[in-house]
>>> print(open('start.pdb').read())   # PDB, C-alpha atoms
ATOM      1  CA  MET A  19      -1.446  17.631 -51.442
ATOM      2  CA  LYS A  20      -3.289  17.885 -54.745
ATOM      3  CA  ASP A  21      -2.903  21.419 -56.065
ATOM      4  CA  HIS A  22      -5.748  21.351 -58.582
ATOM      5  CA  SER A  23      -9.415  22.040 -57.993
ATOM      6  CA  PRO A  24     -10.352  19.050 -55.831
ATOM      7  CA  LEU A  25     -13.564  18.123 -57.633
ATOM      8  CA  GLU A  26     -14.156  14.460 -58.393
ATOM      9  CA  ILE A  27     -16.864  13.558 -60.933
ATOM     10  CA  GLU A  28     -17.597   9.865 -60.816
ATOM     11  CA  LEU A  29     -20.231   7.314 -61.809
ATOM     12  CA  LYS A  30     -20.410   4.233 -59.585
ATOM     13  CA  LEU A  31     -21.853   0.930 -60.832
ATOM     14  CA  ALA A  32     -22.554  -2.301 -58.979
ATOM     15  CA  LEU A  33     -21.510  -5.456 -60.825
ATOM     16  CA  PRO A  34     -22.449  -9.076 -60.029
ATOM     17  CA  ALA A  35     -19.255 -11.070 -59.366
ATOM     18  CA  ALA A  36     -20.448 -13.733 -61.811
ATOM     19  CA  SER A  37     -20.286 -11.144 -64.629
ATOM     20  CA  ILE A  38     -16.642 -10.102 -64.204
ATOM     21  CA  ASP A  39     -15.381 -12.332 -67.027
ATOM     22  CA  ALA A  40     -18.032 -10.913 -69.349
ATOM     23  CA  LEU A  41     -17.001  -7.381 -68.417
ATOM     24  CA  LEU A  42     -13.351  -8.108 -69.209
ATOM     25  CA  SER A  43     -14.343  -9.011 -72.772
ATOM     26  CA  TYR A  44     -15.988  -5.599 -73.290
ATOM     27  CA  PRO A  45     -14.413  -4.146 -76.483
ATOM     28  CA  ALA A  46     -13.057  -0.967 -74.833
ATOM     29  CA  LEU A  47     -11.000  -3.043 -72.377
ATOM     30  CA  THR A  48      -8.656  -4.675 -74.878
ATOM     31  CA  LYS A  49      -5.449  -3.350 -73.275
ATOM     32  CA  ALA A  50      -3.980  -4.924 -70.155
ATOM     33  CA  PRO A  51      -5.107  -3.042 -67.024
ATOM     34  CA  THR A  52      -2.965  -1.436 -64.357
ATOM     35  CA  ARG A  53      -3.207  -3.560 -61.200
ATOM     36  CA  LYS A  54      -2.931  -2.476 -57.573
ATOM     37  CA  ARG A  55      -3.635  -3.938 -54.151
ATOM     38  CA  LEU A  56      -5.161  -1.212 -51.983
ATOM     39  CA  THR A  57      -5.372  -1.437 -48.197
ATOM     40  CA  ASN A  58      -7.413   1.338 -46.577
ATOM     41  CA  THR A  59      -8.208   2.436 -43.043
ATOM     42  CA  TYR A  60     -10.941   4.996 -42.354
ATOM     43  CA  TYR A  61     -10.956   7.243 -39.297
ATOM     44  CA  ASP A  62     -13.710   8.917 -37.323
ATOM     45  CA  THR A  63     -14.474  10.129 -33.817
ATOM     46  CA  PRO A  64     -16.035   7.744 -31.258
ATOM     47  CA  ASN A  65     -19.390   9.456 -31.929
ATOM     48  CA  GLN A  66     -19.057   9.198 -35.728
ATOM     49  CA  ASP A  67     -19.024  13.001 -36.050
ATOM     50  CA  LEU A  68     -17.315  13.006 -39.461
ATOM     51  CA  SER A  69     -19.618  10.470 -41.102
ATOM     52  CA  ARG A  70     -22.615  12.452 -39.830
ATOM     53  CA  GLN A  71     -21.261  15.444 -41.765
ATOM     54  CA  GLY A  72     -20.539  13.388 -44.875
ATOM     55  CA  ILE A  73     -16.747  13.562 -44.443
ATOM     56  CA  ALA A  74     -14.472  10.566 -44.991
ATOM     57  CA  VAL A  75     -10.845  10.494 -43.812
ATOM     58  CA  ARG A  76      -8.726   7.625 -45.099
ATOM     59  CA  LEU A  77      -5.175   6.310 -45.044
ATOM     60  CA  ARG A  78      -4.323   4.145 -48.049
ATOM     61  CA  GLN A  79      -1.380   1.797 -48.451
ATOM     62  CA  ALA A  80      -0.466   1.329 -52.096
ATOM     63  CA  GLY A  81       2.850   0.336 -53.641
ATOM     64  CA  GLY A  82       4.881   1.100 -50.523
ATOM     65  CA  GLN A  83       3.379   4.581 -50.210
ATOM     66  CA  THR A  84       0.897   5.928 -47.659
ATOM     67  CA  LEU A  85      -1.696   8.381 -48.950
ATOM     68  CA  GLN A  86      -4.043  10.445 -46.812
ATOM     69  CA  THR A  87      -7.381  11.264 -48.427
ATOM     70  CA  VAL A  88     -10.324  13.448 -47.454
ATOM     71  CA  LYS A  89     -13.620  13.228 -49.318
ATOM     72  CA  THR A  90     -16.850  15.137 -48.783
ATOM     73  CA  LYS A  91     -20.366  13.874 -49.331
ATOM     74  CA  GLY A  92     -21.201  13.534 -52.997
ATOM     75  CA  HIS A  93     -23.945  15.544 -54.680
ATOM     76  CA  GLY A  94     -25.957  13.800 -57.352
ATOM     77  CA  GLY A  95     -27.822  10.528 -57.632
ATOM     78  CA  GLY A  96     -28.426   7.518 -59.816
ATOM     79  CA  GLY A  97     -24.752   6.590 -59.419
ATOM     80  CA  LEU A  98     -23.318   9.973 -60.429
ATOM     81  CA  SER A  99     -21.615  12.092 -57.786
ATOM     82  CA  ARG A 100     -19.653  15.312 -57.629
ATOM     83  CA  ARG A 101     -17.599  15.774 -54.500
ATOM     84  CA  SER A 102     -14.474  17.444 -53.221
ATOM     85  CA  GLU A 103     -11.388  15.341 -52.644
ATOM     86  CA  TRP A 104      -7.919  16.076 -51.277
ATOM     87  CA  GLU A 105      -5.080  13.568 -51.272
ATOM     88  CA  TRP A 106      -1.405  13.714 -50.339
ATOM     89  CA  ALA A 107       1.439  11.444 -49.266
ATOM     90  CA  VAL A 108       2.269  11.152 -45.554
ATOM     91  CA  SER A 109       5.215   9.576 -43.808
ATOM     92  CA  LYS A 110       3.397   7.956 -40.905
ATOM     93  CA  GLY A 111      -0.036   8.139 -39.282
ATOM     94  CA  LEU A 112      -2.679  10.797 -39.761
ATOM     95  CA  ASP A 113      -1.523  14.310 -40.600
ATOM     96  CA  LYS A 114      -4.025  16.051 -38.325
ATOM     97  CA  LYS A 115      -2.464  19.484 -38.791
ATOM     98  CA  ALA A 116      -3.063  19.287 -42.547
ATOM     99  CA  LEU A 117      -6.614  18.061 -41.924
ATOM    100  CA  ALA A 118      -7.419  21.098 -39.799
ATOM    101  CA  ALA A 119      -6.391  23.407 -42.664
ATOM    102  CA  LEU A 120      -8.867  21.941 -45.170
ATOM    103  CA  PRO A 121     -12.294  23.550 -45.848
ATOM    104  CA  PRO A 122     -14.350  20.562 -44.567
ATOM    105  CA  PHE A 123     -12.832  21.039 -41.106
ATOM    106  CA  GLU A 124     -13.377  24.788 -40.757
ATOM    107  CA  ASN A 125     -16.176  24.215 -38.242
ATOM    108  CA  VAL A 126     -14.703  21.113 -36.595
ATOM    109  CA  PRO A 127     -13.157  21.774 -33.166
ATOM    110  CA  GLY A 128      -9.454  21.007 -33.043
ATOM    111  CA  ASP A 129      -9.796  18.714 -30.057
ATOM    112  CA  MET A 130     -12.249  16.576 -32.043
ATOM    113  CA  LEU A 131      -9.533  15.741 -34.546
ATOM    114  CA  GLU A 132      -7.404  14.420 -31.693
ATOM    115  CA  THR A 133     -10.027  11.726 -31.047
ATOM    116  CA  LEU A 134      -9.889  10.246 -34.550
ATOM    117  CA  THR A 135      -9.436   6.473 -34.459
ATOM    118  CA  PRO A 136      -9.775   3.635 -37.021
ATOM    119  CA  THR A 137     -13.414   2.647 -37.554
ATOM    120  CA  LEU A 138     -13.488   0.520 -40.698
ATOM    121  CA  ALA A 139     -11.227  -1.004 -43.327
ATOM    122  CA  THR A 140     -11.453  -1.820 -47.013
ATOM    123  CA  ASP A 141      -9.049  -4.124 -48.829
ATOM    124  CA  PHE A 142      -9.414  -4.739 -52.528
ATOM    125  CA  ASP A 143      -7.682  -5.450 -55.799
ATOM    126  CA  ARG A 144      -8.043  -2.699 -58.369
ATOM    127  CA  ARG A 145      -7.763  -3.019 -62.117
ATOM    128  CA  SER A 146      -7.836   0.249 -64.041
ATOM    129  CA  TRP A 147      -8.008   1.327 -67.666
ATOM    130  CA  MET A 148      -7.808   4.770 -69.277
ATOM    131  CA  ILE A 149     -10.453   5.087 -71.973
ATOM    132  CA  ASP A 150     -10.928   7.756 -74.640
ATOM    133  CA  TRP A 151     -14.688   8.060 -75.130
ATOM    134  CA  ASN A 152     -16.706  10.734 -76.952
ATOM    135  CA  ASP A 153     -13.857  13.261 -76.886
ATOM    136  CA  SER A 154     -13.433  12.661 -73.144
ATOM    137  CA  ARG A 155     -10.896  10.853 -70.993
ATOM    138  CA  ILE A 156     -12.310   8.385 -68.465
ATOM    139  CA  GLU A 157     -10.623   6.164 -65.915
ATOM    140  CA  LEU A 158     -12.497   2.904 -65.476
ATOM    141  CA  VAL A 159     -11.631   0.941 -62.340
ATOM    142  CA  LEU A 160     -12.857  -2.478 -61.269
ATOM    143  CA  ASP A 161     -12.590  -3.100 -57.519
ATOM    144  CA  GLU A 162     -12.892  -6.558 -55.923
ATOM    145  CA  GLY A 163     -12.470  -7.143 -52.200
ATOM    146  CA  GLU A 164     -14.243  -6.515 -48.927
ATOM    147  CA  ILE A 165     -15.296  -3.954 -46.333
ATOM    148  CA  ARG A 166     -14.797  -4.789 -42.641
ATOM    149  CA  ALA A 167     -16.399  -2.970 -39.726
ATOM    150  CA  ASN A 168     -17.935  -3.841 -36.376
ATOM    151  CA  GLY A 169     -17.102  -7.514 -36.863
ATOM    152  CA  ALA A 170     -19.113  -7.647 -40.110
ATOM    153  CA  ARG A 171     -18.092  -7.809 -43.762
ATOM    154  CA  ALA A 172     -19.486  -6.709 -47.110
ATOM    155  CA  VAL A 173     -18.281  -7.721 -50.559
ATOM    156  CA  ILE A 174     -16.802  -5.127 -52.919
ATOM    157  CA  CYS A 175     -17.489  -5.757 -56.599
ATOM    158  CA  GLU A 176     -17.994  -2.440 -58.351
ATOM    159  CA  ILE A 177     -16.978  -0.234 -61.220
ATOM    160  CA  GLU A 178     -16.090   3.434 -60.920
ATOM    161  CA  LEU A 179     -15.968   5.684 -63.954
ATOM    162  CA  GLU A 180     -14.065   8.869 -63.141
ATOM    163  CA  LEU A 181     -13.986  11.800 -65.541
ATOM    164  CA  LYS A 182     -10.406  12.908 -66.135
ATOM    165  CA  ALA A 183     -11.094  15.318 -68.999
ATOM    166  CA  GLY A 184     -14.120  16.257 -71.060
ATOM    167  CA  ALA A 185     -17.878  16.317 -70.460
ATOM    168  CA  PRO A 186     -19.697  14.440 -67.665
ATOM    169  CA  ASP A 187     -22.224  13.121 -70.182
ATOM    170  CA  ALA A 188     -19.470  10.850 -71.523
ATOM    171  CA  LEU A 189     -19.673   8.888 -68.252
ATOM    172  CA  TRP A 190     -23.323   8.098 -68.933
ATOM    173  CA  SER A 191     -22.626   7.193 -72.541
ATOM    174  CA  LEU A 192     -19.922   4.706 -71.553
ATOM    175  CA  ALA A 193     -22.005   3.270 -68.697
ATOM    176  CA  LEU A 194     -25.029   2.742 -70.962
ATOM    177  CA  SER A 195     -22.853   1.067 -73.577
ATOM    178  CA  MET A 196     -21.395  -1.259 -70.944
ATOM    179  CA  SER A 197     -24.797  -1.981 -69.383
ATOM    180  CA  SER A 198     -26.058  -3.356 -72.693
ATOM    181  CA  PHE A 199     -23.146  -5.799 -72.532
ATOM    182  CA  VAL A 200     -23.116  -6.884 -68.859
ATOM    183  CA  PRO A 201     -25.629  -6.446 -65.992
ATOM    184  CA  LEU A 202     -24.755  -3.226 -64.179
ATOM    185  CA  ARG A 203     -26.829  -0.977 -61.951
ATOM    186  CA  PRO A 204     -26.186   2.495 -60.512
ATOM    187  CA  SER A 205     -24.909   2.643 -56.933
ATOM    188  CA  ASP A 206     -25.090   5.729 -54.704
ATOM    189  CA  SER A 207     -23.166   4.372 -51.689
ATOM    190  CA  SER A 208     -19.445   4.873 -51.201
ATOM    191  CA  LYS A 209     -17.301   2.207 -49.579
ATOM    192  CA  ALA A 210     -17.153   4.394 -46.453
ATOM    193  CA  ALA A 211     -20.956   4.727 -46.351
ATOM    194  CA  ARG A 212     -21.330   0.971 -46.666
ATOM    195  CA  GLY A 213     -18.813   0.488 -43.847
ATOM    196  CA  ASN A 214     -20.684   2.944 -41.657
ATOM    197  CA  ALA A 215     -23.876   0.954 -42.249
ATOM    198  CA  LEU A 216     -22.036  -2.114 -40.937
ATOM    199  CA  ILE A 217     -20.989  -0.121 -37.865
ATOM    200  CA  HIS A 218     -24.575   0.989 -37.178
ATOM    201  CA  GLY A 219     -26.076  -2.376 -38.008
ATOM    202  CA  GLY A 220     -28.461  -0.955 -40.598
ATOM    203  CA  TRP A 221     -29.080   1.628 -43.298
ATOM    204  CA  ALA A 222     -30.928   4.932 -42.991
ATOM    205  CA  LEU A 223     -32.631   5.494 -46.346
ATOM    206  CA  PRO A 224     -32.761   9.099 -47.605
ATOM    207  CA  GLU A 225     -36.035  11.010 -47.506
ATOM    208  CA  ALA A 226     -37.564  11.734 -50.911
ATOM    209  CA  ASP A 227     -39.880  14.271 -52.499
ATOM    210  CA  THR A 228     -38.761  15.012 -56.066
ATOM    211  CA  PRO A 229     -38.354  12.380 -58.812
ATOM    212  CA  GLY A 230     -34.578  12.576 -58.500
ATOM    213  CA  GLU A 231     -34.795  12.015 -54.759
ATOM    214  CA  TRP A 232     -37.054   8.986 -55.212
ATOM    215  CA  LEU A 233     -34.560   7.509 -57.659
ATOM    216  CA  HIS A 234     -31.776   8.141 -55.133
ATOM    217  CA  ARG A 235     -33.810   6.424 -52.414
ATOM    218  CA  ALA A 236     -34.413   3.405 -54.661
ATOM    219  CA  THR A 237     -30.720   3.202 -55.536
ATOM    220  CA  VAL A 238     -29.579   3.373 -51.899
ATOM    221  CA  ALA A 239     -32.201   0.789 -50.945
ATOM    222  CA  MET A 240     -30.731  -1.564 -53.542
ATOM    223  CA  ASP A 241     -27.245  -0.946 -52.109
ATOM    224  CA  ALA A 242     -28.612  -1.791 -48.657
ATOM    225  CA  TYR A 243     -30.283  -4.950 -49.922
ATOM    226  CA  GLN A 244     -27.085  -6.046 -51.656
ATOM    227  CA  ASP A 245     -25.058  -5.796 -48.430
ATOM    228  CA  SER A 246     -27.647  -6.921 -45.890
ATOM    229  CA  GLY A 247     -29.854  -9.350 -47.776
ATOM    230  CA  GLU A 248     -32.807  -7.908 -45.803
ATOM    231  CA  PRO A 249     -36.076  -8.144 -47.811
ATOM    232  CA  GLU A 250     -37.232  -4.853 -46.266
ATOM    233  CA  TYR A 251     -34.734  -2.896 -48.373
ATOM    234  CA  PHE A 252     -35.755  -4.746 -51.538
ATOM    235  CA  GLU A 253     -39.375  -3.828 -50.834
ATOM    236  CA  GLN A 254     -38.392  -0.211 -50.145
ATOM    237  CA  ALA A 255     -36.619  -0.048 -53.519
ATOM    238  CA  ALA A 256     -39.677  -1.418 -55.331
ATOM    239  CA  ARG A 257     -41.975   1.078 -53.589
ATOM    240  CA  ALA A 258     -39.619   3.938 -54.434
ATOM    241  CA  TYR A 259     -39.690   3.014 -58.127
ATOM    242  CA  GLU A 260     -43.507   2.756 -57.998
ATOM    243  CA  THR A 261     -43.751   6.200 -56.365
ATOM    244  CA  LEU A 262     -41.365   7.621 -58.945
ATOM    245  CA  ALA A 263     -43.427   6.225 -61.831
ATOM    246  CA  GLU A 264     -46.566   7.900 -60.450
ATOM    247  CA  HIS A 265     -44.930  11.184 -59.423
ATOM    248  CA  ALA A 266     -46.869  14.224 -60.616
ATOM    249  CA  THR A 267     -43.764  16.053 -61.885
ATOM    250  CA  LEU A 268     -42.101  13.130 -63.670
ATOM    251  CA  ALA A 269     -41.928  13.787 -67.399
ATOM    252  CA  GLU A 270     -44.487  11.676 -69.249
ATOM    253  CA  PRO A 271     -41.926   9.967 -71.536
ATOM    254  CA  LEU A 272     -40.073   8.625 -68.474
ATOM    255  CA  ARG A 273     -43.091   7.002 -66.788
ATOM    256  CA  PRO A 274     -42.987   3.702 -68.718
ATOM    257  CA  THR A 275     -39.311   3.197 -67.866
ATOM    258  CA  ALA A 276     -39.887   3.932 -64.182
ATOM    259  CA  ALA A 277     -42.863   1.554 -64.069
ATOM    260  CA  ALA A 278     -40.890  -1.158 -65.872
ATOM    261  CA  LEU A 279     -38.109  -0.879 -63.283
ATOM    262  CA  SER A 280     -40.448  -1.788 -60.451
ATOM    263  CA  ARG A 281     -41.750  -4.819 -62.355
ATOM    264  CA  ALA A 282     -38.272  -5.919 -63.480
ATOM    265  CA  LEU A 283     -36.932  -5.583 -59.947
ATOM    266  CA  VAL A 284     -39.297  -8.275 -58.702
ATOM    267  CA  LYS A 285     -38.285 -10.615 -61.523
ATOM    268  CA  ASN A 286     -34.507 -10.154 -61.646
ATOM    269  CA  ALA A 287     -32.562  -7.257 -60.136
ATOM    270  CA  THR A 288     -29.313  -8.395 -61.791
ATOM    271  CA  SER A 289     -30.582  -8.561 -65.373
ATOM    272  CA  ILE A 290     -29.113  -6.524 -68.209
ATOM    273  CA  SER A 291     -32.494  -4.930 -68.943
ATOM    274  CA  PHE A 292     -33.003  -3.779 -65.336
ATOM    275  CA  GLY A 293     -29.550  -2.208 -65.145
ATOM    276  CA  TYR A 294     -29.836  -0.522 -68.541
ATOM    277  CA  ASN A 295     -33.236   0.954 -67.726
ATOM    278  CA  ALA A 296     -32.085   2.125 -64.284
ATOM    279  CA  LEU A 297     -29.075   3.894 -65.802
ATOM    280  CA  SER A 298     -31.132   5.325 -68.662
ATOM    281  CA  LEU A 299     -33.670   6.788 -66.233
ATOM    282  CA  ALA A 300     -30.923   8.172 -63.980
ATOM    283  CA  HIS A 301     -29.282   9.815 -66.988
ATOM    284  CA  ARG A 302     -32.517  11.444 -68.140
ATOM    285  CA  LEU A 303     -33.335  12.735 -64.661
ATOM    286  CA  THR A 304     -29.831  14.152 -64.351
ATOM    287  CA  LEU A 305     -30.225  15.982 -67.658
ATOM    288  CA  GLU A 306     -33.597  17.416 -66.601
ATOM    289  CA  SER A 307     -32.141  18.549 -63.276
ATOM    290  CA  ALA A 308     -29.294  20.338 -65.064
ATOM    291  CA  LEU A 309     -31.744  22.155 -67.349
ATOM    292  CA  SER A 310     -34.212  23.180 -64.648
TER     293      SER A 310
END
>>> encode(input="start.pdb", output="structure tokens")
Amino acid sequence: MKDHSPLEIELKLALPAASIDALLSYPALTKAPTRKRLTNTYYDTPNQDLSRQGIAVRLRQAGGQTLQTVKTKGHGGGGLSRRSEWEWAVSKGLDKKALAALPPFENVPGDMLETLTPTLATDFDRRSWMIDWNDSRIELVLDEGEIRANGARAVICEIELELKAGAPDALWSLALSMSSFVPLRPSDSSKAARGNALIHGGWALPEADTPGEWLHRATVAMDAYQDSGEPEYFEQAARAYETLAEHATLAEPLRPTAAALSRALVKNATSISFGYNALSLAHRLTLESALS
């Protein structure tokens, strides 16, 4: 099991599949990537008790090794998340005894763990690069594949920027640089969350009050629209951006960007300008939240 502080700081970005070749010509990706095929099975109780608590339990097959991973619900928004993660090699099946010893399961009855069964799967090809950026070390991964649950599928085409050393602001700097090169947008939904939406047959959008929460709602609504194609989620995203632009506590300099996002969304949600503005606004709101 990982013996360091199990805090993962990551920025997730959605990428149109048609823009992969453009991404691969980004100047910071000149070296050949590390390639892996990752096959993952997620577990939960029949009543989805773990997903309701924001806990994901996963077995991953990679390079002849089986890894067991536990992740908690991320805190953040606009693509950035901070969450706890534990991972260790197992010989076969779920190590339920080790699960019970972890902090996320302190209030989970032991007999509940005995009911864990496979609920969804993700299979994808991963390309990864280690990048030195602004005195920080960042792992950039590009995942392409699919999520399968409840007889339904969703496409995986996303970038994850994980901070390995240095300051979290370096993640934003790299993302903004990339988003001026290829169309990217922030994503707030993990692969497990997207799989759970397939299981339930729909997405529950988060409630919102503060500017940061309205941005989070808009981002999740865009994730939902991407996977479902339902116009309702597109409309919810546009309304969330409109509400954000008019929010009484939003800093005045940010209002034009928020208003432009709503207009740009209607025209082209996969444009470079939309993605750059969405990331720029998310970055500024994150900075304000840290200072408040």
>>> residues_around(input="start.pdb", residues="Ala258 of chain A", least_positions_apart="3", cutoff="8 Å", atoms="all atoms listed in the file", output="VMD selection string")
chain A and resid 232 to 233 235 to 236 254 to 255 261 to 262
>>> atom_distance(input="start.pdb", atom1="atom CA of Leu202 of chain A", atom2="atom CA of Trp104 of chain A")
28.7 Å
>>> atom_distance(input="start.pdb", atom1="atom CA of Asp39 of chain A", atom2="atom CA of Leu160 of chain A")
11.7 Å
>>> atom_distance(input="start.pdb", atom1="atom CA of Ile156 of chain A", atom2="atom CA of Leu272 of chain A")
27.8 Å
>>> closest_residue(input="start.pdb", among="A:Arg257, A:Arg70, A:Arg302, A:Lys49", to="Lys91 of chain A", atoms="all atoms listed in the file")
A:Arg70
>>> resolve_selection(input="start.pdb", expression="the PyMOL selection byres ((chain A and resi 32) around 6)", output="MDAnalysis selection string")
chainID A and resid 31 33 176 202:203 205
>>> residues_around(input="start.pdb", residues="Ala210 of chain A", least_positions_apart="3", cutoff="8 Å", atoms="only C-alpha atoms", output="PyMOL selection string")
chain A and resi 60+74+138+207+213-214
>>> closest_residue(input="start.pdb", among="A:Ala36, A:Leu41, A:Leu85, A:Leu181", to="Met196 of chain A", atoms="only C-alpha atoms")
A:Leu41
